[in-house]
Every structure is written in structure tokens, then in C-alpha cells.
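J.: I am sharing run-v7.cif, which consists of mmCIF, C-alpha atoms and all ligand atoms:
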```cif
data_upload
#
loop_
_atom_site.group_PDB
_atom_site.id
_atom_site.type_symbol
_atom_site.label_atom_id
_atom_site.label_comp_id
_atom_site.auth_asym_id
_atom_site.auth_seq_id
_atom_site.Cartn_x
_atom_site.Cartn_y
_atom_site.Cartn_z
ATOM 1 C CA MET A 154 11.906 -6.286 -8.731
ATOM 2 C CA LYS A 155 9.570 -3.786 -10.325
ATOM 3 C CA VAL A 156 6.175 -3.273 -8.748
ATOM 4 C CA ARG A 157 3.286 -0.999 -9.573
ATOM 5 C CA CYS A 158 1.158 0.728 -6.983
ATOM 6 C CA ALA A 159 -2.449 -0.457 -7.270
ATOM 7 C CA ILE A 160 -3.756 2.991 -6.392
ATOM 8 C CA CYS A 161 -1.666 5.665 -8.120
ATOM 9 C CA GLY A 162 -0.012 3.390 -10.700
ATOM 10 C CA LYS A 163 3.480 4.546 -9.809
ATOM 11 C CA GLU A 164 6.200 2.043 -10.619
ATOM 12 C CA GLU A 165 8.769 1.350 -7.976
ATOM 13 C CA GLU A 166 11.813 -0.842 -7.702
ATOM 14 C CA ILE A 167 11.891 -2.883 -4.515
ATOM 15 C CA ASN A 168 14.561 -5.204 -3.215
ATOM 16 C CA LYS A 169 14.673 -7.901 -0.579
ATOM 17 C CA VAL A 170 14.924 -5.458 2.312
ATOM 18 C CA HIS A 171 11.431 -4.194 1.482
ATOM 19 C CA LYS A 172 8.862 -5.702 3.837
ATOM 20 C CA ASP A 173 6.540 -6.706 0.980
ATOM 21 C CA TYR A 174 9.277 -8.283 -1.146
ATOM 22 C CA ASN A 175 8.759 -11.872 0.030
ATOM 23 C CA LYS A 176 4.989 -11.549 -0.223
ATOM 24 C CA LEU A 177 5.240 -10.279 -3.785
ATOM 25 C CA MET A 178 7.800 -12.908 -4.728
ATOM 26 C CA GLU A 179 5.524 -15.695 -3.516
ATOM 27 C CA ASN A 180 2.424 -14.141 -4.991
ATOM 28 C CA PRO A 181 3.047 -11.844 -7.969
ATOM 29 C CA GLN A 182 -0.686 -11.067 -8.001
ATOM 30 C CA ALA A 183 -0.489 -9.555 -4.524
ATOM 31 C CA VAL A 184 -1.470 -5.935 -4.381
ATOM 32 C CA TYR A 185 1.349 -3.483 -3.880
ATOM 33 C CA ILE A 186 0.609 -0.073 -2.420
ATOM 34 C CA CYS A 187 3.316 2.552 -2.305
ATOM 35 C CA GLN A 188 4.313 4.405 0.828
ATOM 36 C CA ALA A 189 2.525 7.621 -0.169
ATOM 37 C CA CYS A 190 -0.779 5.839 -0.838
ATOM 38 C CA ARG A 191 -0.430 3.831 2.349
ATOM 39 C CA ILE A 192 -0.274 7.068 4.339
ATOM 40 C CA ILE A 193 -3.322 8.438 2.483
ATOM 41 C CA LEU A 194 -5.246 5.232 3.081
ATOM 42 C CA SER A 195 -4.430 5.070 6.764
ATOM 43 C CA SER A 196 -5.346 8.719 7.280
ATOM 44 C CA GLN A 197 -8.644 8.194 5.419
ATOM 45 C CA ALA A 198 -9.402 5.136 7.522
ATOM 46 C CA THR A 199 -8.726 7.119 10.674
ATOM 47 C CA ARG A 200 -10.950 9.981 9.532
ATOM 48 C CA GLU A 201 -13.770 7.588 8.633
ATOM 49 C CA HIS A 202 -13.513 5.947 12.005
ATOM 50 C CA VAL A 203 -13.637 9.316 13.763
ATOM 51 C CA SER A 204 -16.682 10.572 11.822
ATOM 52 C CA ARG A 205 -18.468 7.296 12.396
ATOM 53 C CA GLY A 206 -17.712 7.542 16.088
ATOM 54 C CA LYS A 207 -19.373 10.984 16.297
ATOM 55 C CA ARG A 208 -22.755 9.704 15.117
HETATM 56 ZN ZN ZN B 301 0.670 4.859 -4.851
#
```
Is it possible to give me this structure as C-alpha cells?
T.:
Amino acid sequence: MKVRCAICGKEEEINKVHKDYNKLMENPQAVYICQACRIILSSQATREHVSRGKR
């Protein structure tokens, strides 16, 4: 199944071993985020949390 990352727009082919495969099969409108963007997002979230904690 072909999916497109909602953030960078990169197309990826996923198969049923991918953890989001069932979710995307049931709901084709579900947002897919590629591994690279996931890492960026989680690191941004961590940084935001840290800076907020300093105030
Ligand atoms: Zn991406």
C-alpha cells in the first residue's frame, strides 16, 4: 500500500508488518507520518517541554 507522509510529502510503500498498516487500511484518511518526521516531531516535543519547564 502506498502512503504519503503528511509532513514532508514523501511517498512510502508499507505492508502489513508496518504498525500503521491496519489503521490506514481501516481509515484511508488517517494521517501517515514517516519515520524521519516522527523522530523530528518527538524531538521537537521534547525540546518544547524542556523549555516550558524552565520558565
Ligand atoms: Zn515525512
J.: Decode the PyMOL selection byres (((chain A and resi 156) around 10) and not hetatm) for the given file into explicit residues and return them as a PyMOL selection string.
T.: chain A and resi 154-155+157-159+162-167+174+177+181+184-187
J.: Quick one: pull the distance between CA of Gln188 (chain A) and CA of Asn175 (chain A), Å, one decimal.
T.: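 Taking CA of Gln188 (chain A) as the start and CA of Asn175 (chain A) as the end point, the length is 16.9 Å.
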J.: Around all the atoms of region 154-159 of chain A listed in the file, draw an axis-aligned box and extend it by 4 Å on each of the six sides; I want its centre and edge lengths in Å to one decimal, as lines of an AutoDock Vina configuration file.
T.:
```
center_x = 4.7
center_y = -2.8
center_z = -8.7
size_x = 22.4
size_y = 15.0
size_z = 11.3
```
J.: In Å, with one decimal, what is the gap from CA of Arg191 (chain A) to atom ZN of ligand ZN 301 (chain B)?
T.: 7.4 Å
J.: Between A:His171, A:Ala189, A:Arg200, A:Gln182, which residue has the minimum interatomic distance to ligand ZN 301 (chain B), considering all atoms listed in the file?
T.: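 The shortest atom-to-atom distance to ligand ZN 301 (chain B) comes from A:Ala189.
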J.: In terms of the shortest atom-to-atom distance over only C-alpha atoms and all ligand atoms, which of A:Val170, A:Ile192, A:Met178, A:Ala183 is closest to ligand ZN 301 (chain B)?
T.: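 Looking at the shortest contact to ligand ZN 301 (chain B), the residue is A:Ile192.
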